[in-house]
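Asks: One structure is given below, represented as structure tokens, and several questions about it will come after.
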Amino acid sequence: MAATISKDFGLRFFYFAFARLLYSIWRAVDLLVQAELTGEYEHSPVITSDNTLTLLKKETGIG
């Protein structure tokens with residue numbers, strides 16, 4: 001997680017809420033991919049950060 005030393009509650013809350021939103025989107029996409037590929041949902045993720053970074057590197061050429 002990113003460290004912040006800000007005393008501004010609004011900024012800290014935004015960081016928290018944005019991180020939760022990204023996590024929720026990631027888990028929802030993972031659930032949909034698992035349901036499409038296997039027809040069932042396992043709690044361990046199929047879409048990992050390693051998979052995502054590899055795909056981004058391949059598609060964008062960055063890294």
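Going through the structure tokens in order, the chains are called A, B, and so on, while each chain numbers its residues from 1 and the ligands are numbered from 1 in the order shown.
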Neighbours of segment 20-25 of chain A within 12 Å (only C-alpha atoms; same-chain residues fewer than 4 positions away dropped), as number ranges by chain?
Replies: A: 1, 13-16, 29-32, 45, 47-49
Asks: Report the distance between atom CA of Gly61 of chain A and atom CA of Ala19 of chain A in Å, rounded to one decimal place.
Replies: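 If I compute the distance from atom CA of Gly61 of chain A to atom CA of Ala19 of chain A, I get 25.8 Å.
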Asks: List every residue of chain A that DSSP, applied to the backbone of this structure, places in alpha helix (DSSP H), and write the result as a ChimeraX atom specification.
Replies: /A:9-38,49-60
Asks: Please report the interatomic distance between atom CA of Val46 of chain A and atom CA of Val33 of chain A in Å with one decimal.
Replies: 7.9 Å
